[in-house]
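A quick write-up on the structure given underneath.
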Amino acid sequence: MQVTSTVENIGAVPAPASTLRYYVVSTAGLGKKDLKGTPAVPPLDPLHSFTDQETVTIRTETVPGDYYLQACADSGKVVVEKHEDNNCLTSTGIIHVTSRPDLVVTSVTVGGVPLTVALGGSLRITTVVKNQGGGSAGQSNIRFFLIDTVTGISKDLKGTPSVPALASGASSTTNATVTVFTDTLPGTYTVRACADYQEVVSETDENNNCTMGAGTVTVQ
């Protein structure tokens with residue numbers, strides 16, 4: 001998220017360069033969590049100020065809930081100050097941190113397996129994608145791959161069917177016809193389906209999006 005804050009040296013002597021740190025502070029009194037990023041603040045003469053405009057990231061381990069935004073000057077404690085207890089300022093506005101989605105492929109069914117298909121031929125694949133995370137997921141796409149049963153080398157299939165936005169716990173079934181690229185090496189393959197292959201959905205786990213289907217496809 002975009003934040004803007006101003007640091008002022010209200011003392012009588014120059015302040016050396018320092019850093020800022022941003023936090024989200026629980027409105028329920030459950031503590032605070034730092035945000036990614038420690039922007040630099042240049043040296044400041046007495047009564048001079050510096051305004052920082054920054055894009056900061058809420059850490060994935062932050063507990064969902066309502067928070068205030070807090071900015072703290074001299075986060076590294078490198079400036080010797082007259083008062084060390086007035087470096088932080090907390091916003092009055094509230095930030096609502098929600099759970100993130102988690103897309104998984106729960107089923108991959110290739111029609112007619114085991115089957116043989118020519119280069120440039122097509123496969124009919126039915127896929128079920130579920131959002132098992134706590135937050136809603138926006139629209140995404142599936143990508144299919146042929147996985148060589150001997151070497152494990154993968155080759156993508158032509159066609160990336162769409163998956164609609166999914167609320168927490170919801171699933172979507174996609175029936176797609178995809179094509180074997182003409183430069184695919186002849187051989188025996190299994191089919192792997194990967195949800196959100198473009199990684200447009202920010203998920204709690206980005207490493208569980210793919211599932212292998214049963215049966216084999218022989219390309220010749």
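Chain labels follow the order of the structure tokens: the first chain is A, the next B, and so on; residue numbering restarts at 1 in every chain, and ligands are counted from 1 in their shown order.
When the distance limit is 9 Å and only C-alpha atoms are what count, the residues near Val110 in chain A, minus those fewer than 6 positions from it on the same chain, are Leu123, Arg124, Ile125, Thr126, Thr127, Val191, Gly213, Ala214, Gly215, Thr216 and Val217 of chain A.
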**Prompt:** Mind checking DSSP for range 1-205 of chain A and telling me the strand (DSSP E or B) residues as a PyMOL selection string?
**Reply:** chain A and resi 2-8+15+18-19+21-26+32-34+36+40-41+44+49-55+57+65-72+88-97+103-110+115-117+122-131+137+140-148+154-156+158+162-163+166+171-179+187-195
**Item:** Spatial neighbours of range 151-154 of chain A, max dist 10 Å, only C-alpha atoms, sep filter under 3 positions, as a ChimeraX atom specification
**Value:** /A:144-148,157,184,189-192
With N, CA and C atoms retained, export the selected residues as a PDB file, in the first residue's frame.
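Writing the result to again.pdb gives the following:
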ATOM      1  N   PHE A 144      -1.912 -26.321 -18.630  1.00  0.00           N
ATOM      2  CA  PHE A 144      -1.697 -27.765 -18.623  1.00  0.00           C
ATOM      3  C   PHE A 144      -0.324 -28.096 -19.193  1.00  0.00           C
ATOM      4  N   PHE A 145       0.259 -29.159 -18.654  1.00  0.00           N
ATOM      5  CA  PHE A 145       1.578 -29.606 -19.096  1.00  0.00           C
ATOM      6  C   PHE A 145       1.565 -31.114 -19.323  1.00  0.00           C
ATOM      7  N   LEU A 146       2.319 -31.537 -20.327  1.00  0.00           N
ATOM      8  CA  LEU A 146       2.617 -32.951 -20.512  1.00  0.00           C
ATOM      9  C   LEU A 146       3.919 -33.246 -19.776  1.00  0.00           C
ATOM     10  N   ILE A 147       3.918 -34.280 -18.942  1.00  0.00           N
ATOM     11  CA  ILE A 147       5.110 -34.662 -18.182  1.00  0.00           C
ATOM     12  C   ILE A 147       5.587 -36.018 -18.687  1.00  0.00           C
ATOM     13  N   ASP A 148       6.786 -36.053 -19.257  1.00  0.00           N
ATOM     14  CA  ASP A 148       7.342 -37.299 -19.793  1.00  0.00           C
ATOM     15  C   ASP A 148       7.500 -38.321 -18.663  1.00  0.00           C
ATOM     16  N   LEU A 157       0.824 -27.446 -22.946  1.00  0.00           N
ATOM     17  CA  LEU A 157      -0.218 -27.649 -23.944  1.00  0.00           C
ATOM     18  C   LEU A 157      -0.815 -26.298 -24.312  1.00  0.00           C
ATOM     19  N   THR A 184       6.248 -30.931 -29.859  1.00  0.00           N
ATOM     20  CA  THR A 184       6.332 -31.858 -28.730  1.00  0.00           C
ATOM     21  C   THR A 184       7.039 -33.143 -29.162  1.00  0.00           C
ATOM     22  N   TYR A 189       3.246 -39.635 -21.792  1.00  0.00           N
ATOM     23  CA  TYR A 189       3.161 -38.520 -20.853  1.00  0.00           C
ATOM     24  C   TYR A 189       1.998 -38.698 -19.878  1.00  0.00           C
ATOM     25  N   THR A 190       2.112 -38.037 -18.745  1.00  0.00           N
ATOM     26  CA  THR A 190       0.962 -37.765 -17.889  1.00  0.00           C
ATOM     27  C   THR A 190       0.656 -36.274 -18.003  1.00  0.00           C
ATOM     28  N   VAL A 191      -0.524 -35.872 -17.527  1.00  0.00           N
ATOM     29  CA  VAL A 191      -0.951 -34.471 -17.650  1.00  0.00           C
ATOM     30  C   VAL A 191      -0.977 -33.817 -16.270  1.00  0.00           C
ATOM     31  N   ARG A 192      -0.368 -32.646 -16.184  1.00  0.00           N
ATOM     32  CA  ARG A 192      -0.380 -31.854 -14.957  1.00  0.00           C
ATOM     33  C   ARG A 192      -1.150 -30.560 -15.199  1.00  0.00           C
TER      34      ARG A 192
END
Report as CSV: every residue of range 106-211 of chain A with an atom at most 10 Å from range 56-66 of chain A, its closest pair of atoms, and their distance in Å to one decimal, counting only C-alpha atoms, with rows sorted by chain and ascending residue number.
residue,atom,partner,partner_atom,distance
A:Gly134,CA,A:Pro64,CA,9.7
A:Gly135,CA,A:Pro64,CA,10.0
A:Ser202,CA,A:Thr60,CA,9.9
A:Glu203,CA,A:Thr60,CA,9.1
A:Thr204,CA,A:Thr60,CA,7.2
A:Asp205,CA,A:Thr60,CA,10.0
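Nearest residue to Thr55 in chain A among A:Val117, A:Leu35, A:Val163, A:Val150 is A:Leu35, counting only C-alpha atoms.
For the residues A:Val79, A:Ala176, A:Val24, A:Val41, ranking by smallest atom-to-atom distance to Ser122 in chain A using only C-alpha atoms places A:Ala176 first.
For Ile94 in chain A, the set of protein, DNA and RNA residues having any atom at most 8 Å away, when counting only C-alpha atoms and skipping those fewer than 3 positions along the same chain, is Asp66, Tyr67, Tyr68, Leu69 and Ser91 of chain A.
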Would you write out those residues with N, CA and C atoms, as an mmCIF file, in the first residue's frame?
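The resulting file, selection21.cif, is shown below:
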data_model
loop_
_atom_site.group_PDB
_atom_site.id
_atom_site.type_symbol
_atom_site.label_atom_id
_atom_site.label_comp_id
_atom_site.auth_asym_id
_atom_site.auth_seq_id
_atom_site.Cartn_x
_atom_site.Cartn_y
_atom_site.Cartn_z
ATOM 1 N N ASP A 66 -8.225 -5.640 12.097
ATOM 2 C CA ASP A 66 -8.194 -4.195 11.883
ATOM 3 C C ASP A 66 -6.958 -3.594 12.553
ATOM 4 N N TYR A 67 -6.330 -2.674 11.831
ATOM 5 C CA TYR A 67 -5.065 -2.097 12.299
ATOM 6 C C TYR A 67 -5.021 -0.594 12.028
ATOM 7 N N TYR A 68 -4.225 0.104 12.835
ATOM 8 C CA TYR A 68 -3.800 1.462 12.526
ATOM 9 C C TYR A 68 -2.426 1.379 11.859
ATOM 10 N N LEU A 69 -2.080 2.415 11.101
ATOM 11 C CA LEU A 69 -0.741 2.519 10.531
ATOM 12 C C LEU A 69 0.114 3.400 11.432
ATOM 13 N N SER A 91 -1.736 6.592 12.816
ATOM 14 C CA SER A 91 -2.852 7.143 12.049
ATOM 15 C C SER A 91 -4.169 6.954 12.793
#
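Taking only C-alpha atoms into account, Pro14 in chain A lies nearest to A:Asp45 out of the set A:Lys130, A:Asp34, A:Asp45, A:Gly29.
The nearest approach to Gly121 in chain A among the residues A:Val180, A:Met212, A:Cys194, A:Val7, with only C-alpha atoms taken into account, belongs to A:Val180.
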**Fill in**
A straight line from CA of Ser168 in chain A to CA of Ser136 in chain A spans 5.3 Å
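Interatomic distance, CA of Asp52 in chain A to CA of Gly76 in chain A: 16.6 Å.
Using only C-alpha atoms, the smallest distance between any of A:Thr160, A:Gln132, A:Thr27, A:Ser18 and Lys77 in chain A comes from A:Ser18.
The space separating CA of Val97 in chain A from CA of Ala28 in chain A comes to 13.1 Å.
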**Request:** List the neighbours of Glu54 in chain A out to 12 Å using only C-alpha atoms; skip same-chain residues closer than 3 positions along the sequence, and give me the result as JSON, numbers by chain.
**Result:** {"A": [1, 2, 3, 4, 5, 6, 20, 21, 22, 35, 36, 37, 38, 39, 40, 41, 51, 57, 71]}
**Item:** Spatial neighbours of Glu8 in chain A, 9 Å, only C-alpha atoms, chain gap at least 2 places, as number ranges by chain
**Value:** A: 6, 10-11, 44, 46-51
**Request:** Point out the residue among A:Thr92, A:Ala195, A:Asp102, A:Ser75 with the least atom-to-atom distance to Val129 in chain A, counting only C-alpha atoms.
**Result:** A:Ala195
**Asked** What lies within 6 Å of range 139-141 of chain A using only C-alpha atoms, ignoring chain neighbours under 6 positions off, as a PyMOL selection string?
**Response** chain A and resi 160-165+196
